[in-house]
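These notes are about the structure you will find just below.
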Amino acid sequence: MQGDRGRTGGPHPDRPGAGPAETWIDLRSDTLTRPTPAMYARIAAAPLGDDGLGHDPTAEALEEAGAALLGKEAALYLPSCTMANLVATLCQAGRQEQVVLEAQSHMYTAERGAATFTGTFPLGIAGTDGAMDLQRLADALWPGGSSLRTGLIGLETTHNNAGGTVPPLDHMRAVRTMALAAGIPVHLDGARLLNAAVHLGVPAAALAAEVDTVSLCLSKGLSAPMGALLAGPAVLVAEARRLRRMLGGTQRQVGIAAAAGLEALATMGDRLHEDHARASRLSAGLNGLGEMLSASIPQTNIVQVDLSRSRIDSAAWLGMLAARGVLARPLGPWKLRLVTHRHIDDGAVEAAIRAFGSCLEPG
Ligand SMILES: Cc1ncc(COP(=O)(O)O)c(C=O)c1O
């Protein structure tokens, strides 16, 4: 089992071409987090059934715990957050209906290909820090504007592409009010919902209360190996269960994975503030290196680094950083994304800042 810090020497397991390093500081994503020892113990002890035959006690327990945490009548366990968002769309938006999303949201930028299956039309609305422009939303919902009826509005928090930002609760309420007036349901892509709740200092249910359905990813900062929840009204979740089977997302002894999810819900939300604090320290350290780099001030665990003033593009930066044992992800040619998570401790943050600094030294 990999150690809790998750940093190992030698060639990187996922990036053989990256070359050896004494310790890897892997800032590519919080999805890299490995299960905790308590998760492994819970997996070994999990009572199992056959979810395809309608009963896996551990999956049921996870779904009950998820519904309680999110303050919804029911929840469904799915293999991924992408599938949770897809099923939410299928349940609520009909074919030939429009799904209105913030233009940089994950459901728009990374998942809108699902429209080829759902028959819906994804419409991207420009936003600021992940919050849709409300006037543009009003224009999009105006029935005289298009022959397409809007079937669903999608929100996202924390907002991945905006840099882990948390659109204010008031924004969510404003969208909700407009949606209610138009009779349109709202889905929240809450892949990192608990990070948002920690940032706002409110229970996750307070955010979920502003929407009809909500997804929550267990495999990101919460450290479970896989899976996501979709929560909402019981009638809708029953329909989601039927659609999950249709998509091939129903699994048998799924309690193996759900057990880790149960442990994640019970214990991992309480430590997310550590990831947020380390992201802030990382950002401050990078901004302290001079004018070549400009790091976003994070609200949660994602830092975006603008490289343009260094005149070195993201591909070259990735290579220089990998040679120093640091892994990041590009966001286009002039930006990097750095994500803090359970395997990034204070020492790793300081070492990452030093690695960036050393890349800037005249060679
Ligand atoms: C905001 C957001 N939604 C959905 C997803 C998809 O999650 P999954 O990889 O579990 O399908 C991601 C993954 O990065 C995400 O960041």
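For the structure tokens, the naming scheme is as follows: chains receive sequential letters (A, B, ...) according to their order of presentation, residues are indexed from 1 within each chain, and ligands are indexed from 1 in presentation order.
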>> Can you pull out every residue with an atom within 7 Å of ligand 1? Use only C-alpha atoms and all ligand atoms and format it as a list in words.
In response: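 Final answer, ordered by chain and number: Ser80, Cys81, Thr82, Met83, Ser105, His106, Met107, Glu156, Thr158, His159, Asn160, Asp189, Gly190, Ala191, Arg192, Cys217, Ser219, Gly227 and Ala228 of chain A.
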>> What's around stretch 142-145 of chain A at 12 Å? Count only C-alpha atoms, leave out sequence neighbours fewer than 2 positions away in its own chain, and write the answer as an NGL selection string.
In response: :A and (98 or 135-140 or 147-151 or 178-179 or 181-183)
Any chance you can output those residues with N, CA and C atoms as a compact mmCIF listing (two decimals), in the first residue's frame?
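Generated file (part-v4.txt):
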# COMPACT_ATOMS: atom_id res chain seq x y z
N GLN A 98 -33.20 22.22 -24.21
CA GLN A 98 -31.93 22.89 -24.00
C GLN A 98 -31.47 22.68 -22.55
N GLN A 135 -28.15 38.14 -16.45
CA GLN A 135 -28.91 38.75 -17.53
C GLN A 135 -28.92 37.83 -18.76
N ARG A 136 -27.75 37.23 -19.02
CA ARG A 136 -27.69 36.30 -20.16
C ARG A 136 -28.53 35.06 -19.90
N LEU A 137 -28.56 34.65 -18.62
CA LEU A 137 -29.41 33.51 -18.27
C LEU A 137 -30.88 33.87 -18.52
N ALA A 138 -31.27 35.08 -18.08
CA ALA A 138 -32.66 35.51 -18.31
C ALA A 138 -32.98 35.52 -19.80
N ASP A 139 -32.03 36.02 -20.60
CA ASP A 139 -32.24 36.05 -22.05
C ASP A 139 -32.43 34.62 -22.59
N ALA A 140 -31.60 33.70 -22.07
CA ALA A 140 -31.67 32.32 -22.58
C ALA A 140 -32.99 31.66 -22.21
N SER A 147 -36.78 28.44 -30.39
CA SER A 147 -37.81 27.40 -30.44
C SER A 147 -37.47 26.25 -29.50
N LEU A 148 -36.25 26.30 -28.89
CA LEU A 148 -35.87 25.25 -27.94
C LEU A 148 -36.43 25.58 -26.57
N ARG A 149 -37.09 24.63 -25.94
CA ARG A 149 -37.52 24.80 -24.56
C ARG A 149 -36.35 24.43 -23.65
N THR A 150 -36.17 25.15 -22.55
CA THR A 150 -35.09 24.78 -21.63
C THR A 150 -35.60 23.71 -20.67
N GLY A 151 -34.87 22.59 -20.60
CA GLY A 151 -35.30 21.48 -19.75
C GLY A 151 -34.57 21.44 -18.42
N MET A 178 -35.07 32.24 -10.59
CA MET A 178 -35.39 32.36 -12.03
C MET A 178 -35.89 31.02 -12.57
N ALA A 179 -35.25 29.95 -12.14
CA ALA A 179 -35.63 28.62 -12.63
C ALA A 179 -37.04 28.26 -12.17
N ALA A 181 -39.44 30.28 -11.40
CA ALA A 181 -40.42 31.11 -12.12
C ALA A 181 -40.69 30.53 -13.51
N ALA A 182 -39.67 29.90 -14.10
CA ALA A 182 -39.83 29.35 -15.45
C ALA A 182 -40.21 27.87 -15.42
N GLY A 183 -40.31 27.29 -14.21
CA GLY A 183 -40.68 25.87 -14.10
C GLY A 183 -39.59 24.93 -14.59
>> Using only C-alpha atoms, which protein or nucleic acid residues come within 9 Å of stretch 283-285 of chain A? Drop anything in the same chain fewer than 6 positions from it, and give the result as number ranges by chain.
In response: A: 294-298, 303-305, 349-350, 353-354
Create the file for the chosen residues now, containing C-alpha atoms and written as a tab-separated table (two decimals), in the first residue's frame.
chain	number	residue	atom	x	y	z
A	294	SER	CA	1.06	35.05	-11.55
A	295	ALA	CA	-0.80	32.55	-9.37
A	296	SER	CA	-4.54	32.82	-8.68
A	297	ILE	CA	-5.59	33.41	-5.07
A	298	PRO	CA	-7.41	30.16	-4.35
A	303	VAL	CA	-4.29	27.19	-8.09
A	304	GLN	CA	-3.95	28.44	-11.66
A	305	VAL	CA	-0.57	29.82	-12.66
A	349	VAL	CA	4.30	22.77	-0.95
A	350	GLU	CA	7.63	24.37	-0.02
A	353	ILE	CA	7.70	26.55	-4.68
A	354	ARG	CA	11.49	25.95	-4.70
Counting only C-alpha atoms, which residues in stretch 160-179 of chain A sit no more than 12 Å from stretch 317-335 of chain A? For each one, give the nearest pair of atoms and the distance in Å, sorted by chain then residue number, as a tab-separated table.
residue	atom	partner	partner_atom	distance
A:Asn160	CA	A:Leu331	CA	11.3
A:Asn161	CA	A:Leu331	CA	8.8
A:Ala162	CA	A:Leu331	CA	10.9
A:Gly163	CA	A:Leu331	CA	10.5
> Got a sec to tell me which of stretch 1-248 of chain A DSSP assigns to strand (DSSP E or B), as an NGL selection string?
Replying inline: :A and (10-11 or 20-21 or 25-26 or 50 or 55 or 74-78 or 97-102 or 121-125 or 127-128 or 131-132 or 149-156 or 159 or 165 or 186-190 or 213-217 or 228-232)
Writer output for current selection, C-alpha atoms, as a PDB file, in the first residue's frame:
ATOM      1  CA  GLY A  10      11.999   6.370  -8.998  1.00  0.00           C
ATOM      2  CA  PRO A  11      10.167   6.784 -12.283  1.00  0.00           C
ATOM      3  CA  PRO A  20      13.211   9.456 -11.935  1.00  0.00           C
ATOM      4  CA  ALA A  21      12.961  11.784  -8.971  1.00  0.00           C
ATOM      5  CA  ILE A  25       5.121  16.058  -5.834  1.00  0.00           C
ATOM      6  CA  ASP A  26       2.064  15.290  -7.878  1.00  0.00           C
ATOM      7  CA  ASP A  50     -25.614  -7.973  -5.631  1.00  0.00           C
ATOM      8  CA  HIS A  55     -29.536  -5.286  -2.801  1.00  0.00           C
ATOM      9  CA  ALA A  74     -32.630   9.705  -1.697  1.00  0.00           C
ATOM     10  CA  ALA A  75     -29.270   9.163  -3.378  1.00  0.00           C
ATOM     11  CA  LEU A  76     -27.828   6.768  -5.943  1.00  0.00           C
ATOM     12  CA  TYR A  77     -24.243   5.501  -6.138  1.00  0.00           C
ATOM     13  CA  LEU A  78     -22.750   5.660  -9.657  1.00  0.00           C
ATOM     14  CA  GLU A  97     -34.673  20.487 -24.901  1.00  0.00           C
ATOM     15  CA  GLN A  98     -31.926  22.893 -23.997  1.00  0.00           C
ATOM     16  CA  VAL A  99     -29.601  22.408 -21.004  1.00  0.00           C
ATOM     17  CA  VAL A 100     -28.250  25.759 -19.845  1.00  0.00           C
ATOM     18  CA  LEU A 101     -24.750  25.651 -18.331  1.00  0.00           C
ATOM     19  CA  GLU A 102     -22.027  28.116 -17.411  1.00  0.00           C
ATOM     20  CA  PHE A 121     -28.797  20.918 -26.691  1.00  0.00           C
ATOM     21  CA  PRO A 122     -26.182  22.283 -24.251  1.00  0.00           C
ATOM     22  CA  LEU A 123     -26.097  26.072 -24.187  1.00  0.00           C
ATOM     23  CA  GLY A 124     -23.084  27.771 -22.572  1.00  0.00           C
ATOM     24  CA  ILE A 125     -23.691  31.055 -20.734  1.00  0.00           C
ATOM     25  CA  GLY A 127     -19.867  33.725 -16.397  1.00  0.00           C
ATOM     26  CA  THR A 128     -17.452  35.248 -13.926  1.00  0.00           C
ATOM     27  CA  ALA A 131     -21.137  32.215 -11.742  1.00  0.00           C
ATOM     28  CA  MET A 132     -23.361  32.622 -14.819  1.00  0.00           C
ATOM     29  CA  ARG A 149     -37.523  24.795 -24.555  1.00  0.00           C
ATOM     30  CA  THR A 150     -35.086  24.784 -21.632  1.00  0.00           C
ATOM     31  CA  GLY A 151     -35.299  21.477 -19.747  1.00  0.00           C
ATOM     32  CA  LEU A 152     -32.543  21.932 -17.159  1.00  0.00           C
ATOM     33  CA  ILE A 153     -30.142  24.486 -15.722  1.00  0.00           C
ATOM     34  CA  GLY A 154     -26.781  23.206 -14.467  1.00  0.00           C
ATOM     35  CA  LEU A 155     -24.575  24.862 -11.837  1.00  0.00           C
ATOM     36  CA  GLU A 156     -21.114  23.813 -10.626  1.00  0.00           C
ATOM     37  CA  HIS A 159     -15.957  25.497 -10.237  1.00  0.00           C
ATOM     38  CA  THR A 165     -14.008  29.069  -7.091  1.00  0.00           C
ATOM     39  CA  VAL A 186     -31.689  22.934 -11.455  1.00  0.00           C
ATOM     40  CA  HIS A 187     -28.887  20.372 -11.204  1.00  0.00           C
ATOM     41  CA  LEU A 188     -25.666  21.067  -9.294  1.00  0.00           C
ATOM     42  CA  ASP A 189     -22.434  19.411 -10.425  1.00  0.00           C
ATOM     43  CA  GLY A 190     -20.985  19.179  -6.941  1.00  0.00           C
ATOM     44  CA  THR A 213     -30.514  17.355  -7.881  1.00  0.00           C
ATOM     45  CA  VAL A 214     -26.860  17.305  -6.883  1.00  0.00           C
ATOM     46  CA  SER A 215     -23.882  15.109  -7.725  1.00  0.00           C
ATOM     47  CA  LEU A 216     -20.938  14.584  -5.386  1.00  0.00           C
ATOM     48  CA  CYS A 217     -17.667  12.922  -6.318  1.00  0.00           C
ATOM     49  CA  ALA A 228     -20.067   9.489  -7.141  1.00  0.00           C
ATOM     50  CA  LEU A 229     -23.501  10.101  -5.672  1.00  0.00           C
ATOM     51  CA  LEU A 230     -26.555  11.656  -7.291  1.00  0.00           C
ATOM     52  CA  ALA A 231     -29.086  12.932  -4.750  1.00  0.00           C
ATOM     53  CA  GLY A 232     -32.565  14.363  -5.128  1.00  0.00           C
TER      54      GLY A 232
END
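The space between atom CA of A:Arg176 and atom CA of A:Ala240 spans 21.9 Å.
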> atom CA of A:Gln96 to atom CA of A:Ala209: how many Å, to one decimal?
Replying inline: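 These two atoms are separated by 27.9 Å.
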>> When you look at stretch 273-276 of chain A with a cut-off of 9 Å (counting only C-alpha atoms), what residues show up, excluding the ones that are within fewer than 4 positions of it in the same chain? I need them as a list in words.
In response: Asn195, Val198, His199, Gly221, Gly269, Ser280, Arg281, Pro298, Gln299, Thr300, Asn301, Ile302, Val339, Thr340, His341, Arg342, Ile344 and Asp345 of chain A
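Going from atom CA of A:Pro37 over to atom CA of A:Ala59, you cover 19.7 Å.
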Stretch 94-167 of chain A residues near stretch 241-255 of chain A within 12 Å, closest pair each, using only C-alpha atoms, as CSV:
residue,atom,partner,partner_atom,distance
A:Ala114,CA,A:Leu247,CA,11.9
A:Phe117,CA,A:Leu247,CA,10.5
A:Thr118,CA,A:Leu247,CA,11.5
Could those selected residues go to a file with N, CA and C atoms, as a compact mmCIF listing (two decimals), in the first residue's frame?
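Output file result03.txt follows:
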# COMPACT_ATOMS: atom_id res chain seq x y z
N ALA A 114 -22.14 14.22 -24.41
CA ALA A 114 -23.26 13.36 -24.01
C ALA A 114 -24.53 13.77 -24.74
N PHE A 117 -26.12 11.50 -27.09
CA PHE A 117 -26.96 10.41 -26.57
C PHE A 117 -28.28 10.94 -26.00
N THR A 118 -28.20 12.12 -25.33
CA THR A 118 -29.40 12.60 -24.63
C THR A 118 -30.37 13.29 -25.57
>> Taking the DSSP secondary structure from the backbone, can you list the residues of stretch 228-318 of chain A that are helix (DSSP H, G or I), as a ChimeraX atom specification?
In response: /A:234-246,255-267,269-287,308-310,314-318
Take the residues from that selection and put them in a file with N, CA and C atoms, as a short mmCIF file (atom, residue, chain, number, x, y, z; two decimals), in the first residue's frame.
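Output below, filename selection-v8.cif:
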data_model
loop_
_atom_site.label_atom_id
_atom_site.label_comp_id
_atom_site.auth_asym_id
_atom_site.auth_seq_id
_atom_site.Cartn_x
_atom_site.Cartn_y
_atom_site.Cartn_z
N ALA A 234 -36.98 11.29 -4.10
CA ALA A 234 -36.99 9.82 -4.19
C ALA A 234 -37.50 9.34 -5.56
N VAL A 235 -38.52 9.99 -6.08
CA VAL A 235 -39.09 9.55 -7.37
C VAL A 235 -38.04 9.68 -8.47
N LEU A 236 -37.31 10.78 -8.43
CA LEU A 236 -36.30 11.02 -9.46
C LEU A 236 -35.13 10.04 -9.31
N VAL A 237 -34.75 9.75 -8.07
CA VAL A 237 -33.62 8.83 -7.85
C VAL A 237 -34.01 7.41 -8.29
N ALA A 238 -35.28 7.05 -8.13
CA ALA A 238 -35.74 5.74 -8.62
C ALA A 238 -35.59 5.67 -10.15
N GLU A 239 -35.93 6.75 -10.81
CA GLU A 239 -35.78 6.81 -12.28
C GLU A 239 -34.28 6.80 -12.64
N ALA A 240 -33.47 7.47 -11.85
CA ALA A 240 -32.02 7.48 -12.09
C ALA A 240 -31.46 6.06 -11.97
N ARG A 241 -32.00 5.29 -11.05
CA ARG A 241 -31.53 3.90 -10.86
C ARG A 241 -31.85 3.07 -12.12
N ARG A 242 -33.01 3.30 -12.69
CA ARG A 242 -33.40 2.60 -13.93
C ARG A 242 -32.45 3.01 -15.08
N LEU A 243 -32.18 4.31 -15.16
CA LEU A 243 -31.32 4.80 -16.25
C LEU A 243 -29.87 4.35 -16.06
N ARG A 244 -29.42 4.26 -14.82
CA ARG A 244 -28.05 3.78 -14.57
C ARG A 244 -27.89 2.37 -15.12
N ARG A 245 -28.91 1.54 -14.93
CA ARG A 245 -28.83 0.17 -15.48
C ARG A 245 -28.79 0.20 -17.00
N MET A 246 -29.61 1.08 -17.58
CA MET A 246 -29.66 1.18 -19.04
C MET A 246 -28.29 1.56 -19.60
N GLY A 255 -20.44 -2.92 -3.12
CA GLY A 255 -20.14 -2.52 -1.75
C GLY A 255 -18.64 -2.41 -1.49
N ILE A 256 -17.83 -3.15 -2.26
CA ILE A 256 -16.37 -3.06 -2.16
C ILE A 256 -15.94 -1.59 -2.31
N ALA A 257 -16.48 -0.94 -3.33
CA ALA A 257 -16.13 0.46 -3.58
C ALA A 257 -16.93 1.39 -2.66
N ALA A 258 -18.19 1.03 -2.43
CA ALA A 258 -19.04 1.89 -1.59
C ALA A 258 -18.51 2.00 -0.17
N ALA A 259 -17.84 0.94 0.30
CA ALA A 259 -17.29 0.97 1.67
C ALA A 259 -16.29 2.10 1.82
N ALA A 260 -15.46 2.28 0.80
CA ALA A 260 -14.49 3.38 0.85
C ALA A 260 -15.24 4.72 0.80
N GLY A 261 -16.32 4.76 0.03
CA GLY A 261 -17.12 5.98 -0.05
C GLY A 261 -17.76 6.34 1.29
N LEU A 262 -18.21 5.31 2.01
CA LEU A 262 -18.81 5.56 3.34
C LEU A 262 -17.78 6.19 4.27
N GLU A 263 -16.57 5.64 4.25
CA GLU A 263 -15.49 6.18 5.09
C GLU A 263 -15.16 7.61 4.64
N ALA A 264 -15.18 7.83 3.33
CA ALA A 264 -14.89 9.17 2.79
C ALA A 264 -15.90 10.18 3.32
N LEU A 265 -17.18 9.83 3.25
CA LEU A 265 -18.21 10.78 3.71
C LEU A 265 -18.07 11.05 5.20
N ALA A 266 -17.73 10.00 5.95
CA ALA A 266 -17.69 10.15 7.41
C ALA A 266 -16.49 10.96 7.87
N THR A 267 -15.37 10.86 7.16
CA THR A 267 -14.14 11.41 7.75
C THR A 267 -13.38 12.43 6.90
N GLY A 269 -14.25 15.00 4.75
CA GLY A 269 -14.63 16.41 4.60
C GLY A 269 -13.94 17.29 5.63
N ASP A 270 -13.73 16.73 6.81
CA ASP A 270 -13.18 17.53 7.92
C ASP A 270 -11.74 17.96 7.69
N ARG A 271 -11.04 17.34 6.74
CA ARG A 271 -9.63 17.72 6.55
C ARG A 271 -9.42 18.59 5.30
N LEU A 272 -10.49 18.87 4.56
CA LEU A 272 -10.30 19.61 3.30
C LEU A 272 -9.73 21.01 3.51
N HIS A 273 -10.00 21.58 4.71
CA HIS A 273 -9.46 22.93 4.97
C HIS A 273 -7.93 22.91 4.91
N GLU A 274 -7.33 21.76 5.20
CA GLU A 274 -5.86 21.67 5.12
C GLU A 274 -5.40 21.85 3.67
N ASP A 275 -6.12 21.21 2.74
CA ASP A 275 -5.77 21.35 1.31
C ASP A 275 -5.93 22.81 0.88
N HIS A 276 -6.99 23.47 1.40
CA HIS A 276 -7.23 24.87 1.01
C HIS A 276 -6.09 25.75 1.54
N ALA A 277 -5.70 25.51 2.79
CA ALA A 277 -4.61 26.32 3.37
C ALA A 277 -3.32 26.12 2.58
N ARG A 278 -3.06 24.89 2.17
CA ARG A 278 -1.81 24.62 1.42
C ARG A 278 -1.87 25.24 0.03
N ALA A 279 -3.06 25.25 -0.56
CA ALA A 279 -3.18 25.92 -1.87
C ALA A 279 -2.89 27.41 -1.72
N SER A 280 -3.36 28.01 -0.63
CA SER A 280 -3.09 29.44 -0.39
C SER A 280 -1.60 29.68 -0.21
N ARG A 281 -0.95 28.81 0.53
CA ARG A 281 0.49 28.95 0.76
C ARG A 281 1.25 28.78 -0.57
N LEU A 282 0.82 27.82 -1.37
CA LEU A 282 1.46 27.58 -2.67
C LEU A 282 1.33 28.83 -3.54
N SER A 283 0.13 29.38 -3.58
CA SER A 283 -0.11 30.57 -4.40
C SER A 283 0.76 31.74 -3.92
N ALA A 284 0.78 31.94 -2.61
CA ALA A 284 1.58 33.05 -2.07
C ALA A 284 3.05 32.85 -2.39
N GLY A 285 3.53 31.61 -2.24
CA GLY A 285 4.94 31.32 -2.53
C GLY A 285 5.27 31.58 -3.98
N LEU A 286 4.39 31.19 -4.89
CA LEU A 286 4.66 31.39 -6.32
C LEU A 286 4.61 32.88 -6.67
N ASN A 287 3.65 33.58 -6.08
CA ASN A 287 3.58 35.02 -6.35
C ASN A 287 4.79 35.76 -5.77
N SER A 308 2.49 33.54 -18.80
CA SER A 308 2.77 34.28 -20.03
C SER A 308 3.97 35.22 -19.89
N ARG A 309 4.11 35.85 -18.70
CA ARG A 309 5.23 36.80 -18.59
C ARG A 309 6.59 36.12 -18.57
N SER A 310 6.61 34.81 -18.29
CA SER A 310 7.90 34.10 -18.32
C SER A 310 8.33 33.81 -19.76
N SER A 314 3.50 26.31 -21.46
CA SER A 314 3.16 25.31 -20.43
C SER A 314 3.88 23.99 -20.69
N ALA A 315 4.03 23.61 -21.97
CA ALA A 315 4.70 22.33 -22.26
C ALA A 315 6.14 22.36 -21.74
N ALA A 316 6.82 23.48 -21.96
CA ALA A 316 8.21 23.58 -21.49
C ALA A 316 8.25 23.62 -19.95
N TRP A 317 7.30 24.36 -19.36
CA TRP A 317 7.26 24.39 -17.89
C TRP A 317 7.05 22.99 -17.32
N LEU A 318 6.14 22.22 -17.94
CA LEU A 318 5.87 20.86 -17.43
C LEU A 318 7.15 20.04 -17.43
#
>> Please determine, counting only C-alpha atoms, which residue among A:Pro233, A:Gly49, A:Gly54, A:Pro35 has the shortest atom-to-atom distance to A:Lys72.
In response: A:Pro233
> Taking only C-alpha atoms into account, which of A:Pro168, A:Gly357, A:Gly347, A:Gly113 comes nearest A:Gly130?
Replying inline: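 So, comparing all the options, the nearest one is A:Pro168.
Residue nearest A:Trp24, chosen from A:Arg337, A:Leu53, A:Ala355, A:Ala88 and counting only C-alpha atoms: A:Ala355.
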> Taking into account only C-alpha atoms, which residue in the set A:Glu291, A:Asp56, A:Asp346, A:Asp30 is nearest to A:Asp306?
Replying inline: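 Answer, going by the shortest atom-to-atom distance: A:Glu291.
The nearest approach to A:Pro203 among the residues A:Ala41, A:Ala61, A:Leu69, A:Leu27, with only C-alpha atoms taken into account, belongs to A:Leu69.
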